[in-house]
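What follows is one structure encoded as structure tokens, with my remarks underneath.
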Amino acid sequence: MTNNLVTVELDDVVFQLREAHDFSWLKKLGRVFKVFDQQDSGNISFGIERNGEQLFVKYAGARTEHYTGESEAAVANLKAAAQLYEELSHPALIKLIEHFEAGSGYATVFEWIEGESLHPHWSFPPPLKYTHPDSPCYRFKQLSIEMRLASLDRIFDFHVHMERKNYVAVDFYDGSLIYNFTTNEMNICDIDYYHKKPLINTLGTFYGSKRFMSPEEFILGAPIDERTNVFTMGAMAFALLGGELDRSFSKWDAGRELHEVALLAVSEDRALRYANVAVLKEAWDTALKNVD
């Protein structure tokens, strides 16, 4: 896949594509100062500076290095995603400014969020993600329990809001998060595959990071619903406060009662999980009062 790549230069950035592509439409938005070209979603994203303001532009239509699908599918996915950011607007979610046909593809323009991805797979591939002192994931885990709990609360709040709008969280993982180590603020930057209910697993293995996926996301014909959301939130709690897939209490930083809530959320048996994220958050907030 990496053979015969085409090198593209735009203002301050250089990147590679599988074939040449016209990005002249970008010039009217401003100067490109950063590129995010390592995703396998079919999108390529840019940091743009315009009159002292910074923007984040996500684009589908170019044949990126790590995307094996058709450009038309990536364009359709991004168009659909734009509607999600509008409908699920929330203080914890990156803010969509506009979206439009751009050249032979489609572009979404967001407010720029300062911060670092908690899944920096291109610069700190595992195990360095978890062990290197410069890795955002490692640095986040060194923060106080109070800061990490505040971040998780913000994530829960968004997903309570999302459920009220009748959505399920598909492909939510630590790569969907950006953390600002200066302001200590957590933001969600990627909800492109969230889906309106009802949703059934028609793929066998659903979209997403296996570290955060429930058993039903591997079962053809299984419902993907509120209890799936609860599992995902529990898995995120273990990623931010514990040992990720090692869900033992010895790896957990937030006290016994919160550990029990998180364990119930990630029950293999759907019937044992909380009914939805709002119920999970209520149990979490009750247990939180007893955290030292």
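Residues in the structure tokens are named by chain (A, B, ... in the order shown) and by number from 1 within that chain; ligands are numbered from 1 in the order shown.
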Per-residue nearest contacts of segment 80-140 of chain A to segment 53-66 of chain A (8 Å; only C-alpha atoms) as a tab-separated table:
residue	atom	partner	partner_atom	distance
A:Ser104	CA	A:Gly61	CA	6.3
A:Gly105	CA	A:Gly61	CA	4.2
A:Tyr106	CA	A:Ala60	CA	5.4
A:Ala107	CA	A:Tyr59	CA	4.4
A:Thr108	CA	A:Lys58	CA	5.2
A:Val109	CA	A:Val57	CA	4.6
A:Phe110	CA	A:Phe56	CA	5.0
A:Glu111	CA	A:Leu55	CA	5.1
A:Trp112	CA	A:Leu55	CA	4.6
A:Ile113	CA	A:Phe56	CA	8.0
(message) I'd like the contact shell of segment 252-262 of chain A - 12 Å cut-off, only C-alpha atoms, skipping same-chain residues fewer than 4 positions apart - returned as a VMD selection string.
(response) chain A and resid 141 to 149 152 230 to 248 266 to 267 272 to 274 277 279 to 292
(request) Pick out the residues sitting within 8 Å of Val170 of chain A, and hand them over as an MDAnalysis selection string; count only C-alpha atoms, and ignore anything fewer than 5 positions along from it in its own chain. (result) chainID A and resid 191 193:195 207:208
Requested write-out: C-alpha atoms of the selected residues, as a compact mmCIF listing (two decimals), in the first residue's frame:
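Full text of out.txt as output:
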# COMPACT_ATOMS: atom_id res chain seq x y z
CA ILE A 191 -18.21 10.91 16.69
CA TYR A 193 -19.81 6.70 13.30
CA TYR A 194 -22.40 7.37 16.00
CA HIS A 195 -25.75 6.06 14.86
CA TYR A 207 -16.60 -0.72 13.84
CA GLY A 208 -14.28 0.31 16.64
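For the choices A:Leu88, A:Leu26, A:Leu78, A:Ile94, the atom-to-atom distance to Lys196 of chain A is smallest for A:Leu88 when using only C-alpha atoms.
Atom CA of Gly115 of chain A to atom CA of Tyr179 of chain A spans 4.9 Å [interatomic distance, one decimal].
Distance check against Asp171 of chain A using only C-alpha atoms: of A:Phe249, A:Leu203, A:Lys210, A:Pro136, the minimum falls on A:Lys210.
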All strand (DSSP E) residues (DSSP, backbone) inside segment 118-285 of chain A, as an mmCIF file with all heavy atoms, in the first residue's frame:
data_model
loop_
_atom_site.group_PDB
_atom_site.id
_atom_site.type_symbol
_atom_site.label_atom_id
_atom_site.label_comp_id
_atom_site.auth_asym_id
_atom_site.auth_seq_id
_atom_site.Cartn_x
_atom_site.Cartn_y
_atom_site.Cartn_z
ATOM 1 N N TYR A 167 -29.302 8.202 20.236
ATOM 2 C CA TYR A 167 -28.132 7.722 19.500
ATOM 3 C C TYR A 167 -27.373 6.664 20.299
ATOM 4 O O TYR A 167 -27.505 6.570 21.522
ATOM 5 C CB TYR A 167 -27.177 8.881 19.207
ATOM 6 C CG TYR A 167 -27.559 9.660 17.967
ATOM 7 C CD1 TYR A 167 -28.469 10.711 18.035
ATOM 8 C CD2 TYR A 167 -27.025 9.334 16.723
ATOM 9 C CE1 TYR A 167 -28.820 11.426 16.905
ATOM 10 C CE2 TYR A 167 -27.374 10.044 15.588
ATOM 11 C CZ TYR A 167 -28.273 11.083 15.678
ATOM 12 O OH TYR A 167 -28.623 11.778 14.558
ATOM 13 N N VAL A 168 -26.565 5.895 19.567
ATOM 14 C CA VAL A 168 -25.618 4.975 20.196
ATOM 15 C C VAL A 168 -24.207 5.366 19.770
ATOM 16 O O VAL A 168 -23.988 5.865 18.657
ATOM 17 C CB VAL A 168 -25.898 3.501 19.834
ATOM 18 C CG1 VAL A 168 -27.123 3.000 20.569
ATOM 19 C CG2 VAL A 168 -26.058 3.304 18.344
ATOM 20 N N LEU A 177 -10.584 11.276 21.891
ATOM 21 C CA LEU A 177 -10.416 12.262 22.949
ATOM 22 C C LEU A 177 -9.193 13.144 22.720
ATOM 23 O O LEU A 177 -8.148 12.665 22.286
ATOM 24 C CB LEU A 177 -10.251 11.564 24.301
ATOM 25 C CG LEU A 177 -11.373 10.616 24.726
ATOM 26 C CD1 LEU A 177 -11.000 9.904 26.018
ATOM 27 C CD2 LEU A 177 -12.683 11.381 24.889
ATOM 28 N N ILE A 178 -9.346 14.417 23.032
ATOM 29 C CA ILE A 178 -8.225 15.357 23.044
ATOM 30 C C ILE A 178 -8.173 16.006 24.425
ATOM 31 O O ILE A 178 -9.186 16.525 24.913
ATOM 32 C CB ILE A 178 -8.374 16.436 21.957
ATOM 33 C CG1 ILE A 178 -8.173 15.821 20.575
ATOM 34 C CG2 ILE A 178 -7.395 17.571 22.187
ATOM 35 C CD1 ILE A 178 -8.256 16.817 19.444
ATOM 36 N N TYR A 179 -6.989 15.966 25.041
ATOM 37 C CA TYR A 179 -6.840 16.549 26.378
ATOM 38 C C TYR A 179 -5.879 17.725 26.325
ATOM 39 O O TYR A 179 -4.787 17.632 25.766
ATOM 40 C CB TYR A 179 -6.325 15.515 27.380
ATOM 41 C CG TYR A 179 -6.396 16.003 28.808
ATOM 42 C CD1 TYR A 179 -7.608 16.032 29.476
ATOM 43 C CD2 TYR A 179 -5.261 16.462 29.472
ATOM 44 C CE1 TYR A 179 -7.696 16.497 30.782
ATOM 45 C CE2 TYR A 179 -5.337 16.931 30.778
ATOM 46 C CZ TYR A 179 -6.562 16.946 31.426
ATOM 47 O OH TYR A 179 -6.653 17.420 32.709
ATOM 48 N N ASN A 180 -6.308 18.837 26.921
ATOM 49 C CA ASN A 180 -5.479 20.037 27.008
ATOM 50 C C ASN A 180 -4.791 20.039 28.374
ATOM 51 O O ASN A 180 -5.446 20.220 29.406
ATOM 52 C CB ASN A 180 -6.357 21.287 26.842
ATOM 53 C CG ASN A 180 -5.541 22.562 26.763
ATOM 54 O OD1 ASN A 180 -4.517 22.705 27.422
ATOM 55 N ND2 ASN A 180 -5.994 23.500 25.950
ATOM 56 N N GLU A 185 -8.636 20.364 30.321
ATOM 57 C CA GLU A 185 -9.979 20.156 29.785
ATOM 58 C C GLU A 185 -9.981 19.006 28.784
ATOM 59 O O GLU A 185 -9.131 18.930 27.899
ATOM 60 C CB GLU A 185 -10.496 21.430 29.110
ATOM 61 C CG GLU A 185 -11.926 21.314 28.629
ATOM 62 C CD GLU A 185 -12.479 22.643 28.143
ATOM 63 O OE1 GLU A 185 -12.197 23.025 26.991
ATOM 64 O OE2 GLU A 185 -13.183 23.305 28.935
ATOM 65 N N MET A 186 -10.953 18.123 28.931
ATOM 66 C CA MET A 186 -11.136 17.006 28.019
ATOM 67 C C MET A 186 -12.193 17.359 26.977
ATOM 68 O O MET A 186 -13.247 17.921 27.320
ATOM 69 C CB MET A 186 -11.591 15.762 28.792
ATOM 70 C CG MET A 186 -11.829 14.534 27.933
ATOM 71 S SD MET A 186 -10.282 13.820 27.323
ATOM 72 C CE MET A 186 -9.766 12.873 28.758
ATOM 73 N N ASN A 187 -11.910 17.036 25.717
ATOM 74 C CA ASN A 187 -12.888 17.236 24.657
ATOM 75 C C ASN A 187 -12.991 15.995 23.785
ATOM 76 O O ASN A 187 -12.029 15.226 23.640
ATOM 77 C CB ASN A 187 -12.515 18.445 23.790
ATOM 78 C CG ASN A 187 -12.829 19.762 24.468
ATOM 79 O OD1 ASN A 187 -13.995 20.118 24.651
ATOM 80 N ND2 ASN A 187 -11.799 20.489 24.871
ATOM 81 N N ILE A 188 -14.163 15.819 23.202
ATOM 82 C CA ILE A 188 -14.428 14.723 22.279
ATOM 83 C C ILE A 188 -14.319 15.269 20.864
ATOM 84 O O ILE A 188 -14.935 16.287 20.531
ATOM 85 C CB ILE A 188 -15.828 14.129 22.534
ATOM 86 C CG1 ILE A 188 -15.886 13.525 23.936
ATOM 87 C CG2 ILE A 188 -16.191 13.092 21.478
ATOM 88 C CD1 ILE A 188 -17.286 13.180 24.407
ATOM 89 N N HIS A 195 -24.634 6.493 15.701
ATOM 90 C CA HIS A 195 -25.754 6.063 14.860
ATOM 91 C C HIS A 195 -27.078 6.181 15.614
ATOM 92 O O HIS A 195 -27.159 5.903 16.804
ATOM 93 C CB HIS A 195 -25.528 4.609 14.436
ATOM 94 C CG HIS A 195 -26.256 4.197 13.195
ATOM 95 N ND1 HIS A 195 -27.611 3.968 13.167
ATOM 96 C CD2 HIS A 195 -25.815 3.989 11.931
ATOM 97 C CE1 HIS A 195 -27.975 3.628 11.946
ATOM 98 N NE2 HIS A 195 -26.915 3.637 11.167
ATOM 99 N N LYS A 196 -28.101 6.567 14.887
ATOM 100 C CA LYS A 196 -29.447 6.643 15.447
ATOM 101 C C LYS A 196 -29.965 5.239 15.726
ATOM 102 O O LYS A 196 -29.697 4.308 14.974
ATOM 103 C CB LYS A 196 -30.368 7.348 14.451
ATOM 104 C CG LYS A 196 -31.636 7.928 15.062
ATOM 105 C CD LYS A 196 -31.410 9.360 15.484
ATOM 106 C CE LYS A 196 -32.725 10.045 15.832
ATOM 107 N NZ LYS A 196 -32.529 11.443 16.214
#
(message) Please list as a VMD selection string every residue within 12 Å of Leu17 of chain A, counting only C-alpha atoms and excluding residues in the same chain fewer than 4 positions away.
(response) chain A and resid 1 to 9 21 to 22 37 to 39 42 to 44 61 to 68
Given the selection you just returned, output its residues as a file containing N, CA and C atoms, formatted as a PDB file, in the first residue's frame.
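Wrote selection-v8.pdb, looks like this:
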ATOM      1  N   MET A   1       0.822  -1.207   0.000  1.00  0.00           N
ATOM      2  CA  MET A   1       0.000   0.000   0.000  1.00  0.00           C
ATOM      3  C   MET A   1       0.853   1.254   0.000  1.00  0.00           C
ATOM      4  N   THR A   2       2.067   1.137   0.507  1.00  0.00           N
ATOM      5  CA  THR A   2       2.924   2.319   0.620  1.00  0.00           C
ATOM      6  C   THR A   2       3.774   2.546  -0.621  1.00  0.00           C
ATOM      7  N   ASN A   3       3.652   1.672  -1.641  1.00  0.00           N
ATOM      8  CA  ASN A   3       4.427   1.850  -2.867  1.00  0.00           C
ATOM      9  C   ASN A   3       3.809   2.933  -3.738  1.00  0.00           C
ATOM     10  N   ASN A   4       4.671   3.613  -4.509  1.00  0.00           N
ATOM     11  CA  ASN A   4       4.221   4.589  -5.509  1.00  0.00           C
ATOM     12  C   ASN A   4       3.354   5.693  -4.905  1.00  0.00           C
ATOM     13  N   LEU A   5       3.732   6.184  -3.755  1.00  0.00           N
ATOM     14  CA  LEU A   5       2.991   7.276  -3.130  1.00  0.00           C
ATOM     15  C   LEU A   5       3.371   8.601  -3.773  1.00  0.00           C
ATOM     16  N   VAL A   6       2.428   9.526  -3.748  1.00  0.00           N
ATOM     17  CA  VAL A   6       2.631  10.859  -4.300  1.00  0.00           C
ATOM     18  C   VAL A   6       2.839  11.835  -3.154  1.00  0.00           C
ATOM     19  N   THR A   7       3.891  12.638  -3.227  1.00  0.00           N
ATOM     20  CA  THR A   7       4.170  13.628  -2.187  1.00  0.00           C
ATOM     21  C   THR A   7       3.438  14.929  -2.504  1.00  0.00           C
ATOM     22  N   VAL A   8       2.746  15.469  -1.483  1.00  0.00           N
ATOM     23  CA  VAL A   8       1.977  16.706  -1.628  1.00  0.00           C
ATOM     24  C   VAL A   8       2.543  17.750  -0.669  1.00  0.00           C
ATOM     25  N   GLU A   9       2.741  18.957  -1.165  1.00  0.00           N
ATOM     26  CA  GLU A   9       3.194  20.067  -0.331  1.00  0.00           C
ATOM     27  C   GLU A   9       2.115  21.142  -0.303  1.00  0.00           C
ATOM     28  N   HIS A  21      -4.005  14.758  -5.884  1.00  0.00           N
ATOM     29  CA  HIS A  21      -5.335  15.291  -5.580  1.00  0.00           C
ATOM     30  C   HIS A  21      -5.270  16.811  -5.541  1.00  0.00           C
ATOM     31  N   ASP A  22      -6.347  17.454  -5.960  1.00  0.00           N
ATOM     32  CA  ASP A  22      -6.408  18.909  -6.025  1.00  0.00           C
ATOM     33  C   ASP A  22      -6.932  19.473  -4.694  1.00  0.00           C
ATOM     34  N   ASP A  37      -2.555  12.891   8.589  1.00  0.00           N
ATOM     35  CA  ASP A  37      -2.714  12.066   7.380  1.00  0.00           C
ATOM     36  C   ASP A  37      -2.559  10.573   7.642  1.00  0.00           C
ATOM     37  N   GLN A  38      -2.520  10.160   8.915  1.00  0.00           N
ATOM     38  CA  GLN A  38      -2.250   8.758   9.229  1.00  0.00           C
ATOM     39  C   GLN A  38      -3.502   7.945   9.562  1.00  0.00           C
ATOM     40  N   GLN A  39      -4.692   8.540   9.433  1.00  0.00           N
ATOM     41  CA  GLN A  39      -5.912   7.816   9.739  1.00  0.00           C
ATOM     42  C   GLN A  39      -6.246   6.807   8.640  1.00  0.00           C
ATOM     43  N   GLY A  42     -10.260   7.193   5.640  1.00  0.00           N
ATOM     44  CA  GLY A  42     -10.515   7.822   4.348  1.00  0.00           C
ATOM     45  C   GLY A  42     -10.525   9.330   4.424  1.00  0.00           C
ATOM     46  N   ASN A  43     -10.403   9.874   5.642  1.00  0.00           N
ATOM     47  CA  ASN A  43     -10.327  11.328   5.828  1.00  0.00           C
ATOM     48  C   ASN A  43      -8.880  11.763   5.972  1.00  0.00           C
ATOM     49  N   ILE A  44      -8.622  12.995   5.571  1.00  0.00           N
ATOM     50  CA  ILE A  44      -7.367  13.659   5.892  1.00  0.00           C
ATOM     51  C   ILE A  44      -7.750  14.998   6.515  1.00  0.00           C
ATOM     52  N   GLY A  61     -12.241  12.455   0.207  1.00  0.00           N
ATOM     53  CA  GLY A  61     -12.230  12.535  -1.254  1.00  0.00           C
ATOM     54  C   GLY A  61     -10.873  12.206  -1.846  1.00  0.00           C
ATOM     55  N   ALA A  62      -9.817  12.371  -1.040  1.00  0.00           N
ATOM     56  CA  ALA A  62      -8.467  12.026  -1.482  1.00  0.00           C
ATOM     57  C   ALA A  62      -8.176  10.568  -1.126  1.00  0.00           C
ATOM     58  N   ARG A  63      -7.325   9.925  -1.890  1.00  0.00           N
ATOM     59  CA  ARG A  63      -6.949   8.532  -1.608  1.00  0.00           C
ATOM     60  C   ARG A  63      -5.752   8.545  -0.653  1.00  0.00           C
ATOM     61  N   THR A  64      -6.065   8.474   0.629  1.00  0.00           N
ATOM     62  CA  THR A  64      -5.023   8.555   1.652  1.00  0.00           C
ATOM     63  C   THR A  64      -4.244   7.246   1.736  1.00  0.00           C
ATOM     64  N   GLU A  65      -3.061   7.344   2.347  1.00  0.00           N
ATOM     65  CA  GLU A  65      -2.127   6.212   2.360  1.00  0.00           C
ATOM     66  C   GLU A  65      -2.692   4.967   3.033  1.00  0.00           C
ATOM     67  N   HIS A  66      -3.434   5.154   4.134  1.00  0.00           N
ATOM     68  CA  HIS A  66      -3.842   4.009   4.943  1.00  0.00           C
ATOM     69  C   HIS A  66      -5.302   3.610   4.757  1.00  0.00           C
ATOM     70  N   TYR A  67      -5.987   4.221   3.797  1.00  0.00           N
ATOM     71  CA  TYR A  67      -7.397   3.899   3.550  1.00  0.00           C
ATOM     72  C   TYR A  67      -7.511   2.971   2.352  1.00  0.00           C
ATOM     73  N   THR A  68      -8.194   1.839   2.542  1.00  0.00           N
ATOM     74  CA  THR A  68      -8.288   0.841   1.473  1.00  0.00           C
ATOM     75  C   THR A  68      -9.650   0.852   0.782  1.00  0.00           C
TER      76      THR A  68
END
(request) Would you mind reading off the distance between atom CA of Ser209 of chain A and atom CA of His119 of chain A, one decimal, in Å? (result) 11.0 Å
(request) Any chance you could list, as an MDAnalysis selection string, the residues in segment 27-271 of chain A that come up alpha helix (DSSP H) when DSSP is run on the backbone? (result) chainID A and resid 71:87 128:131 136:141 145:164 226:241 256:265
(message) Just checking: using only C-alpha atoms, which residue out of A:Ala20, A:Val160, A:Val14, A:Ala73 ends up closest to His90 of chain A?
(response) A:Val160
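The space between atom CA of Val35 of chain A and atom CA of Gly47 of chain A spans 6.2 Å.
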